$ cat protein09.cif   # mmCIF, C-alpha atoms (C1' of nucleotides)
data_model
loop_
_atom_site.label_atom_id
_atom_site.label_comp_id
_atom_site.auth_asym_id
_atom_site.auth_seq_id
_atom_site.Cartn_x
_atom_site.Cartn_y
_atom_site.Cartn_z
CA MET T 94 -14.64 3.19 -20.11
CA PHE T 95 -12.63 1.43 -17.39
CA LYS T 96 -14.31 -0.97 -15.00
CA GLU T 97 -13.32 -0.68 -11.36
CA LEU T 98 -10.75 -3.14 -10.11
CA ASN T 99 -11.80 -4.80 -6.86
CA PRO T 100 -9.03 -3.58 -4.55
CA LEU T 101 -9.13 -6.75 -2.52
CA LEU T 102 -8.13 -8.76 -5.54
CA HIS T 103 -5.86 -6.14 -7.06
CA SER T 104 -2.95 -7.22 -4.89
CA GLU T 105 -0.22 -9.48 -6.14
CA LEU T 106 -0.28 -11.93 -3.25
CA ARG T 107 -4.04 -12.13 -2.78
CA LEU T 108 -4.46 -12.54 -6.52
CA ALA T 109 -1.91 -15.36 -6.55
CA VAL T 110 -3.71 -17.10 -3.69
CA MET T 111 -7.05 -16.83 -5.43
CA SER T 112 -5.49 -17.99 -8.67
CA ILE T 113 -4.24 -21.14 -6.95
CA LEU T 114 -7.43 -21.79 -5.02
CA ILE T 115 -9.65 -21.44 -8.05
CA GLY T 116 -7.90 -24.43 -9.59
CA VAL T 117 -7.85 -26.84 -6.67
CA GLU T 118 -10.27 -28.34 -4.20
CA SER T 119 -8.26 -26.94 -1.29
CA ALA T 120 -4.72 -25.94 -0.36
CA ASP T 121 -2.94 -25.62 2.96
CA PHE T 122 -0.94 -22.73 4.37
CA VAL T 123 2.45 -24.27 3.67
CA TYR T 124 1.56 -25.08 0.08
CA LEU T 125 0.32 -21.54 -0.53
CA ARG T 126 3.47 -20.12 1.04
CA GLU T 127 5.69 -22.26 -1.14
CA GLN T 128 3.82 -21.60 -4.36
CA THR T 129 3.59 -17.87 -3.87
CA GLY T 130 7.01 -17.37 -2.31
CA ALA T 131 5.42 -15.13 0.30
CA THR T 132 6.58 -14.84 3.89
CA ALA T 133 4.36 -16.56 6.44
CA GLY T 134 3.46 -13.23 8.07
CA ASN T 135 2.36 -11.62 4.87
CA LEU T 136 0.42 -14.71 3.82
CA SER T 137 -1.32 -14.89 7.17
CA VAL T 138 -2.49 -11.29 6.92
CA GLN T 139 -3.66 -11.60 3.33
CA LEU T 140 -5.51 -14.87 3.92
CA ASP T 141 -7.36 -13.16 6.75
CA LYS T 142 -8.48 -10.38 4.46
CA LEU T 143 -9.74 -12.83 1.87
CA ALA T 144 -11.54 -14.79 4.57
CA LYS T 145 -13.14 -11.68 6.08
CA ALA T 146 -14.46 -10.77 2.64
CA GLY T 147 -15.93 -14.25 2.36
CA TYR T 148 -13.78 -15.07 -0.66
CA ILE T 149 -12.17 -18.07 0.98
CA GLY T 150 -12.93 -20.40 3.86
CA ILE T 151 -10.23 -21.29 6.36
CA GLU T 152 -10.29 -24.44 8.45
CA LYS T 153 -7.79 -24.89 11.23
CA GLY T 154 -7.08 -28.42 12.32
CA PHE T 155 -4.22 -30.83 12.81
CA ARG T 156 -2.31 -33.21 10.63
CA GLY T 157 -1.08 -35.63 13.24
CA LYS T 158 0.11 -33.38 16.01
CA MET T 159 1.03 -30.38 13.88
CA PRO T 160 -1.37 -27.52 13.20
CA ARG T 161 -2.72 -27.32 9.72
CA THR T 162 -4.59 -24.51 7.99
CA VAL T 163 -6.63 -25.47 4.97
CA CYS T 164 -8.03 -22.89 2.56
CA ARG T 165 -10.78 -23.24 0.04
CA ILE T 166 -12.33 -20.72 -2.35
CA THR T 167 -16.01 -19.92 -1.88
CA GLU T 168 -18.67 -19.30 -4.48
CA VAL T 169 -18.55 -15.59 -3.60
CA GLY T 170 -14.80 -15.67 -4.15
CA ARG T 171 -15.17 -17.42 -7.46
CA ASP T 172 -17.61 -14.76 -8.65
CA ALA T 173 -15.42 -11.91 -7.45
CA PHE T 174 -12.44 -13.39 -9.22
CA ALA T 175 -14.37 -13.74 -12.48
CA GLU T 176 -15.56 -10.16 -12.22
CA TYR T 177 -12.05 -8.93 -11.49
CA VAL T 178 -10.68 -10.71 -14.54
CA ASP T 179 -13.43 -9.22 -16.64
CA ALA T 180 -12.69 -5.73 -15.33
CA LEU T 181 -8.99 -6.19 -16.04
CA LYS T 182 -9.78 -6.78 -19.67
CA SER T 183 -11.04 -3.22 -19.98
CA TYR T 184 -7.47 -2.09 -19.30
CA ILE T 185 -5.41 -4.56 -21.24
CA LYS T 186 -7.20 -4.86 -24.56
CA MET O 200 4.75 -20.24 -11.36
CA PHE O 201 3.62 -16.63 -11.08
CA LYS O 202 5.48 -13.87 -12.88
CA GLU O 203 6.14 -10.71 -10.91
CA LEU O 204 3.76 -7.84 -11.48
CA ASN O 205 5.60 -4.57 -12.10
CA PRO O 206 4.38 -2.55 -9.10
CA LEU O 207 4.49 0.68 -11.06
CA LEU O 208 1.90 -0.64 -13.46
CA HIS O 209 -0.06 -2.63 -10.90
CA SER O 210 -2.04 0.43 -9.86
CA GLU O 211 -5.51 1.15 -11.13
CA LEU O 212 -4.89 4.75 -12.13
CA ARG O 213 -1.43 4.31 -13.62
CA LEU O 214 -2.67 1.28 -15.53
CA ALA O 215 -5.62 3.26 -16.89
CA VAL O 216 -3.31 6.06 -17.99
CA MET O 217 -0.99 3.65 -19.75
CA SER O 218 -3.94 1.88 -21.29
CA ILE O 219 -5.13 5.16 -22.79
CA LEU O 220 -1.70 6.34 -23.91
CA ILE O 221 -0.88 3.07 -25.63
CA GLY O 222 -3.75 3.67 -28.00
CA VAL O 223 -3.22 7.31 -28.93
CA GLU O 224 -0.46 9.53 -30.22
CA SER O 225 -0.73 11.77 -27.16
CA ALA O 226 -3.23 12.93 -24.55
CA ASP O 227 -3.38 15.98 -22.33
CA PHE O 228 -3.88 16.23 -18.58
CA VAL O 229 -7.53 17.22 -18.79
CA TYR O 230 -8.39 14.39 -21.16
CA LEU O 231 -6.68 11.85 -18.92
CA ARG O 232 -8.48 13.25 -15.88
CA GLU O 233 -11.85 13.01 -17.61
CA GLN O 234 -11.32 9.54 -19.01
CA THR O 235 -10.00 8.07 -15.78
CA GLY O 236 -12.29 9.96 -13.41
CA ALA O 237 -9.30 10.67 -11.18
CA THR O 238 -8.82 13.79 -9.14
CA ALA O 239 -6.26 16.24 -10.52
CA GLY O 240 -4.00 15.76 -7.50
CA ASN O 241 -3.89 12.03 -7.79
CA LEU O 242 -3.36 12.18 -11.53
CA SER O 243 -0.52 14.66 -11.14
CA VAL O 244 1.29 12.39 -8.69
CA GLN O 245 0.81 9.26 -10.76
CA LEU O 246 1.89 10.90 -14.01
CA ASP O 247 5.07 12.01 -12.27
CA LYS O 248 5.82 8.45 -11.24
CA LEU O 249 5.31 7.15 -14.76
CA ALA O 250 7.51 9.93 -16.14
CA LYS O 251 10.27 9.29 -13.62
CA ALA O 252 10.30 5.64 -14.65
CA GLY O 253 10.63 6.73 -18.26
CA TYR O 254 7.31 5.13 -19.19
CA ILE O 255 5.80 8.37 -20.46
CA GLY O 256 7.06 11.72 -21.64
CA ILE O 257 5.47 14.93 -20.37
CA GLU O 258 5.60 18.21 -22.25
CA LYS O 259 4.41 21.35 -20.57
CA GLY O 260 3.35 24.17 -22.80
CA PHE O 261 0.45 26.50 -23.44
CA ARG O 262 -2.71 26.33 -25.45
CA GLY O 263 -3.33 30.03 -25.97
CA LYS O 264 -2.67 31.47 -22.53
CA MET O 265 -3.66 28.41 -20.53
CA PRO O 266 -1.11 25.85 -19.38
CA ARG O 267 -1.26 22.52 -21.11
CA THR O 268 0.37 19.25 -20.18
CA VAL O 269 0.72 16.69 -22.93
CA CYS O 270 1.61 13.07 -22.23
CA ARG O 271 2.95 10.45 -24.56
CA ILE O 272 3.95 6.85 -23.97
CA THR O 273 7.61 5.93 -24.62
CA GLU O 274 9.06 2.80 -26.12
CA VAL O 275 10.20 1.76 -22.64
CA GLY O 276 6.65 2.26 -21.40
CA ARG O 277 5.23 0.25 -24.24
CA ASP O 278 7.56 -2.65 -23.44
CA ALA O 279 6.81 -2.50 -19.72
CA PHE O 280 3.09 -2.54 -20.42
CA ALA O 281 3.41 -5.56 -22.69
CA GLU O 282 5.44 -7.38 -20.08
CA TYR O 283 2.91 -6.51 -17.36
CA VAL O 284 0.05 -7.86 -19.45
CA ASP O 285 2.02 -11.02 -20.07
CA ALA O 286 2.74 -11.43 -16.35
CA LEU O 287 -0.92 -10.90 -15.51
CA LYS O 288 -1.82 -13.86 -17.66
CA SER O 289 0.05 -16.14 -15.28
CA TYR O 290 -2.56 -15.23 -12.66
CA ILE O 291 -5.77 -15.17 -14.63
CA LYS O 292 -5.58 -18.24 -16.80
"C1'" DT G 44 -12.07 44.75 -9.60
"C1'" DA G 45 -14.00 41.06 -7.29
"C1'" DA G 46 -15.61 36.44 -7.95
"C1'" DA G 47 -15.28 32.29 -10.19
"C1'" DG G 48 -13.04 29.04 -13.17
"C1'" DT G 49 -8.93 26.42 -15.21
"C1'" DA G 50 -4.87 23.74 -14.84
"C1'" DG G 51 -2.34 21.99 -12.30
"C1'" DT G 52 1.18 21.06 -7.75
"C1'" DT G 53 2.21 20.27 -2.98
"C1'" DT G 54 1.29 18.50 1.37
"C1'" DA G 55 -1.07 15.77 4.65
"C1'" DT G 56 -3.78 11.78 5.77
"C1'" DT G 57 -5.32 7.22 5.27
"C1'" DT G 58 -4.70 2.75 3.63
"C1'" DT G 59 -1.90 -1.10 2.26
"C1'" DA G 60 1.84 -4.11 1.93
"C1'" DT G 61 5.59 -6.11 4.02
"C1'" DA G 62 8.93 -7.49 7.24
"C1'" DA G 63 10.40 -8.39 11.67
"C1'" DA G 64 9.51 -10.15 16.01
"C1'" DC G 65 7.19 -13.25 18.50
"C1'" DC G 66 4.61 -17.65 20.30
"C1'" DA G 67 3.54 -22.51 21.18
"C1'" DA G 68 4.22 -26.96 20.20
"C1'" DA G 69 7.02 -30.60 17.98
"C1'" DT G 70 11.32 -32.52 16.63
"C1'" DT G 71 16.16 -33.16 16.61
"C1'" DT G 72 20.73 -32.92 18.63
"C1'" DT G 73 24.08 -33.58 22.14
"C1'" DA N 257 16.64 -35.42 29.23
"C1'" DA N 258 17.93 -30.67 28.46
"C1'" DA N 259 19.01 -27.52 24.98
"C1'" DA N 260 18.66 -26.08 20.42
"C1'" DT N 261 16.17 -26.07 16.13
"C1'" DT N 262 12.23 -26.50 13.20
"C1'" DT N 263 7.33 -26.06 12.05
"C1'" DG N 264 3.25 -23.50 11.55
"C1'" DG N 265 1.66 -19.96 12.22
"C1'" DT N 266 0.05 -14.74 14.51
"C1'" DT N 267 0.86 -10.10 16.03
"C1'" DT N 268 3.01 -5.81 15.77
"C1'" DA N 269 5.85 -2.29 13.72
"C1'" DT N 270 7.57 0.02 9.69
"C1'" DA N 271 7.76 1.40 4.94
"C1'" DA N 272 5.48 2.48 0.87
"C1'" DA N 273 1.43 3.77 -1.75
"C1'" DA N 274 -2.85 5.86 -2.85
"C1'" DT N 275 -5.81 9.52 -2.19
"C1'" DA N 276 -7.87 13.76 -0.79
"C1'" DA N 277 -7.56 18.27 0.65
"C1'" DA N 278 -5.40 22.50 0.43
"C1'" DC N 279 -2.89 25.53 -2.16
"C1'" DT N 280 -0.66 28.27 -6.27
"C1'" DA N 281 -0.82 30.88 -10.35
"C1'" DC N 282 -3.08 32.59 -13.85
"C1'" DT N 283 -7.47 33.71 -16.77
"C1'" DT N 284 -12.06 34.77 -17.72
"C1'" DT N 285 -16.43 36.70 -16.63
"C1'" DA N 286 -19.71 39.82 -14.32
#
$ encode --input "protein09.cif" --output "structure tokens"
Amino acid sequence: MFKELNPLLHSELRLAVMSILIGVESADFVYLREQTGATAGNLSVQLDKLAKAGYIGIEKGFRGKMPRTVCRITEVGRDAFAEYVDALKSYIK
Amino acid sequence: MFKELNPLLHSELRLAVMSILIGVESADFVYLREQTGATAGNLSVQLDKLAKAGYIGIEKGFRGKMPRTVCRITEVGRDAFAEYVDALKSYIK
DNA sequence: TAAAGTAGTTTATTTTATAAACCAAATTTT
DNA sequence: AAAATTTGGTTTATAAAATAAACTACTTTA
């Protein structure tokens, strides 16, 4: 009757991050923080979880002299997101 | 950009319960437990939360000699569900 | 009448989310 | 050129949530 909701994606902030990343080539930490309105600490933790699941890739580098964290969705992440959206539909229609 | 997800509805079990109740006149505890696959303890706790928020009404009575708990969605619950679904769309499309 | 089943509730444990505190380097102010 | 502030984060502590396990109360069956 109801499909299971991937608990990693069933979280407001992680879902927002994935929602942004699915629509862009890449996005950096500051952009994600601004768009989601999350605190840096919370964002840092949630990005780690997504990365550990292989849903996103994280590259740490520098823009000039300042550190810069760039995130990108992976194919695995894209699939998981699609499946999550599909599962959601069993609840909302 | 992203609408806030009502945390009371952003829970797999509570969402499943609301999803069932929105489509029927009423449903009893056992039916909800069977349809959702939840444990009785978990269901009991989550129904309480929905009731305290005024999203569902709970009537306790008897069917013959056995206790029977009947749940029904309220107008407030219906509205909250609709708003939640609308908010979700800001993440998944 | 003892054992097992039904319909739940309460309590305890685990997991999760979030905020607060912190760090290192860069930039700005005085 | 120190001192203070800002930037870009991470780590740690706390609060909240989900879940399971244990329990209660009553009923049915053997």
$ closest_atom_pairs --input "protein09.cif" --of "chain O" --to "chain N" --cutoff "12 Å" --atoms "only C-alpha atoms (C1' of nucleotides)" --output "Markdown table"
| residue | atom | partner | partner_atom | distance |
| --- | --- | --- | --- | --- |
| O:Pro206 | CA | N:DA273 | C1' | 10.1 |
| O:Leu207 | CA | N:DA273 | C1' | 10.3 |
| O:His209 | CA | N:DA273 | C1' | 11.3 |
| O:Ser210 | CA | N:DA274 | C1' | 8.9 |
| O:Glu211 | CA | N:DA274 | C1' | 9.9 |
| O:Leu212 | CA | N:DA274 | C1' | 9.6 |
| O:Arg213 | CA | N:DA274 | C1' | 11.0 |
| O:Ala237 | CA | N:DT275 | C1' | 9.7 |
| O:Thr238 | CA | N:DA276 | C1' | 8.4 |
| O:Ala239 | CA | N:DA276 | C1' | 10.2 |
| O:Gly240 | CA | N:DA276 | C1' | 8.0 |
| O:Asn241 | CA | N:DT275 | C1' | 6.4 |
| O:Leu242 | CA | N:DT275 | C1' | 10.0 |
| O:Ser243 | CA | N:DT275 | C1' | 11.6 |
| O:Val244 | CA | N:DA274 | C1' | 9.7 |
| O:Gln245 | CA | N:DA274 | C1' | 9.4 |
| O:Lys248 | CA | N:DA273 | C1' | 11.5 |
| O:Phe261 | CA | N:DC282 | C1' | 11.9 |
| O:Gly263 | CA | N:DT283 | C1' | 10.7 |
| O:Lys264 | CA | N:DT283 | C1' | 7.8 |
| O:Met265 | CA | N:DT283 | C1' | 7.5 |
| O:Pro266 | CA | N:DC282 | C1' | 8.9 |
$ atom_distance --input "protein09.cif" --atom1 "atom CA of Val110 of chain T" --atom2 "atom CA of Lys288 of chain O"
14.5 Å
$ residues_around --input "protein09.cif" --residues "segment 268-282 of chain O" --least-positions-apart "4" --cutoff "10 Å" --atoms "all atoms listed in the file" --output "PyMOL selection string"
(chain T and resi 185) or (chain O and resi 202-205+207-208+214+216-231+246+249-250+252-262+286-287) or (chain G and resi 50-51)
$ resolve_selection --input "protein09.cif" --expression "the PyMOL selection byres ((chain G) within 12 of (chain T))" --output "ChimeraX atom specification"
/G:58-65,67-70
$ atom_distance --input "protein09.cif" --atom1 "atom C1' of DT57 of chain G" --atom2 "atom CA of Asp141 of chain T"
20.5 Å
$ build_atoms --input "protein09.cif" --residues "segment 147-178 of chain T" --atoms "N, CA and C atoms" --output "mmCIF file, in the coordinates of the input"
data_model
loop_
_atom_site.group_PDB
_atom_site.id
_atom_site.type_symbol
_atom_site.label_atom_id
_atom_site.label_comp_id
_atom_site.auth_asym_id
_atom_site.auth_seq_id
_atom_site.Cartn_x
_atom_site.Cartn_y
_atom_site.Cartn_z
ATOM 1 N N GLY T 147 -15.135 -13.086 2.753
ATOM 2 C CA GLY T 147 -15.930 -14.250 2.360
ATOM 3 C C GLY T 147 -15.480 -14.877 1.052
ATOM 4 N N TYR T 148 -14.272 -14.527 0.604
ATOM 5 C CA TYR T 148 -13.780 -15.070 -0.660
ATOM 6 C C TYR T 148 -13.174 -16.458 -0.495
ATOM 7 N N ILE T 149 -12.708 -16.728 0.710
ATOM 8 C CA ILE T 149 -12.170 -18.070 0.980
ATOM 9 C C ILE T 149 -12.651 -18.534 2.365
ATOM 10 N N GLY T 150 -12.649 -19.827 2.553
ATOM 11 C CA GLY T 150 -12.930 -20.400 3.860
ATOM 12 C C GLY T 150 -11.622 -20.928 4.432
ATOM 13 N N ILE T 151 -11.444 -20.788 5.727
ATOM 14 C CA ILE T 151 -10.230 -21.290 6.360
ATOM 15 C C ILE T 151 -10.604 -22.260 7.478
ATOM 16 N N GLU T 152 -10.052 -23.455 7.388
ATOM 17 C CA GLU T 152 -10.290 -24.440 8.450
ATOM 18 C C GLU T 152 -8.977 -24.729 9.153
ATOM 19 N N LYS T 153 -8.992 -24.595 10.459
ATOM 20 C CA LYS T 153 -7.790 -24.890 11.230
ATOM 21 C C LYS T 153 -7.947 -26.226 11.933
ATOM 22 N N GLY T 154 -7.001 -27.108 11.682
ATOM 23 C CA GLY T 154 -7.080 -28.420 12.320
ATOM 24 C C GLY T 154 -5.680 -28.945 12.551
ATOM 25 N N PHE T 155 -5.545 -30.237 12.609
ATOM 26 C CA PHE T 155 -4.220 -30.830 12.810
ATOM 27 C C PHE T 155 -3.980 -31.951 11.830
ATOM 28 N N ARG T 156 -2.717 -32.040 11.403
ATOM 29 C CA ARG T 156 -2.310 -33.210 10.630
ATOM 30 C C ARG T 156 -1.358 -33.936 11.561
ATOM 31 N N GLY T 157 -1.843 -35.013 12.172
ATOM 32 C CA GLY T 157 -1.080 -35.630 13.240
ATOM 33 C C GLY T 157 -1.102 -34.688 14.425
ATOM 34 N N LYS T 158 0.064 -34.281 14.867
ATOM 35 C CA LYS T 158 0.110 -33.380 16.010
ATOM 36 C C LYS T 158 0.390 -31.937 15.601
ATOM 37 N N MET T 159 0.688 -31.735 14.327
ATOM 38 C CA MET T 159 1.030 -30.380 13.880
ATOM 39 C C MET T 159 -0.194 -29.619 13.376
ATOM 40 N N PRO T 160 -0.244 -28.328 13.681
ATOM 41 C CA PRO T 160 -1.370 -27.520 13.200
ATOM 42 C C PRO T 160 -1.402 -27.467 11.680
ATOM 43 N N ARG T 161 -2.578 -27.333 11.170
ATOM 44 C CA ARG T 161 -2.720 -27.320 9.720
ATOM 45 C C ARG T 161 -3.889 -26.418 9.342
ATOM 46 N N THR T 162 -3.602 -25.479 8.445
ATOM 47 C CA THR T 162 -4.590 -24.510 7.990
ATOM 48 C C THR T 162 -4.943 -24.814 6.551
ATOM 49 N N VAL T 163 -6.194 -25.135 6.330
ATOM 50 C CA VAL T 163 -6.630 -25.470 4.970
ATOM 51 C C VAL T 163 -7.542 -24.385 4.412
ATOM 52 N N CYS T 164 -7.255 -23.957 3.195
ATOM 53 C CA CYS T 164 -8.030 -22.890 2.560
ATOM 54 C C CYS T 164 -8.765 -23.415 1.333
ATOM 55 N N ARG T 165 -9.905 -22.796 1.124
ATOM 56 C CA ARG T 165 -10.780 -23.240 0.040
ATOM 57 C C ARG T 165 -11.502 -22.000 -0.494
ATOM 58 N N ILE T 166 -11.610 -21.865 -1.788
ATOM 59 C CA ILE T 166 -12.330 -20.720 -2.350
ATOM 60 C C ILE T 166 -13.819 -20.926 -2.158
ATOM 61 N N THR T 167 -14.555 -19.835 -2.008
ATOM 62 C CA THR T 167 -16.010 -19.920 -1.880
ATOM 63 C C THR T 167 -16.661 -19.519 -3.201
ATOM 64 N N GLU T 168 -17.954 -19.685 -3.273
ATOM 65 C CA GLU T 168 -18.670 -19.300 -4.480
ATOM 66 C C GLU T 168 -18.577 -17.788 -4.669
ATOM 67 N N VAL T 169 -18.695 -17.053 -3.563
ATOM 68 C CA VAL T 169 -18.550 -15.590 -3.600
ATOM 69 C C VAL T 169 -17.167 -15.212 -4.156
ATOM 70 N N GLY T 170 -16.152 -15.923 -3.696
ATOM 71 C CA GLY T 170 -14.800 -15.670 -4.150
ATOM 72 C C GLY T 170 -14.618 -15.947 -5.625
ATOM 73 N N ARG T 171 -15.223 -17.032 -6.046
ATOM 74 C CA ARG T 171 -15.170 -17.420 -7.460
ATOM 75 C C ARG T 171 -15.788 -16.325 -8.339
ATOM 76 N N ASP T 172 -16.926 -15.826 -7.902
ATOM 77 C CA ASP T 172 -17.610 -14.760 -8.650
ATOM 78 C C ASP T 172 -16.775 -13.493 -8.691
ATOM 79 N N ALA T 173 -16.229 -13.129 -7.534
ATOM 80 C CA ALA T 173 -15.420 -11.910 -7.450
ATOM 81 C C ALA T 173 -14.203 -12.006 -8.361
ATOM 82 N N PHE T 174 -13.620 -13.180 -8.376
ATOM 83 C CA PHE T 174 -12.440 -13.390 -9.220
ATOM 84 C C PHE T 174 -12.815 -13.225 -10.698
ATOM 85 N N ALA T 175 -13.912 -13.829 -11.082
ATOM 86 C CA ALA T 175 -14.370 -13.740 -12.480
ATOM 87 C C ALA T 175 -14.639 -12.286 -12.859
ATOM 88 N N GLU T 176 -15.242 -11.559 -11.936
ATOM 89 C CA GLU T 176 -15.560 -10.160 -12.220
ATOM 90 C C GLU T 176 -14.277 -9.330 -12.326
ATOM 91 N N TYR T 177 -13.333 -9.640 -11.459
ATOM 92 C CA TYR T 177 -12.050 -8.930 -11.490
ATOM 93 C C TYR T 177 -11.349 -9.149 -12.833
ATOM 94 N N VAL T 178 -11.317 -10.386 -13.259
ATOM 95 C CA VAL T 178 -10.680 -10.710 -14.540
ATOM 96 C C VAL T 178 -11.370 -9.972 -15.674
#
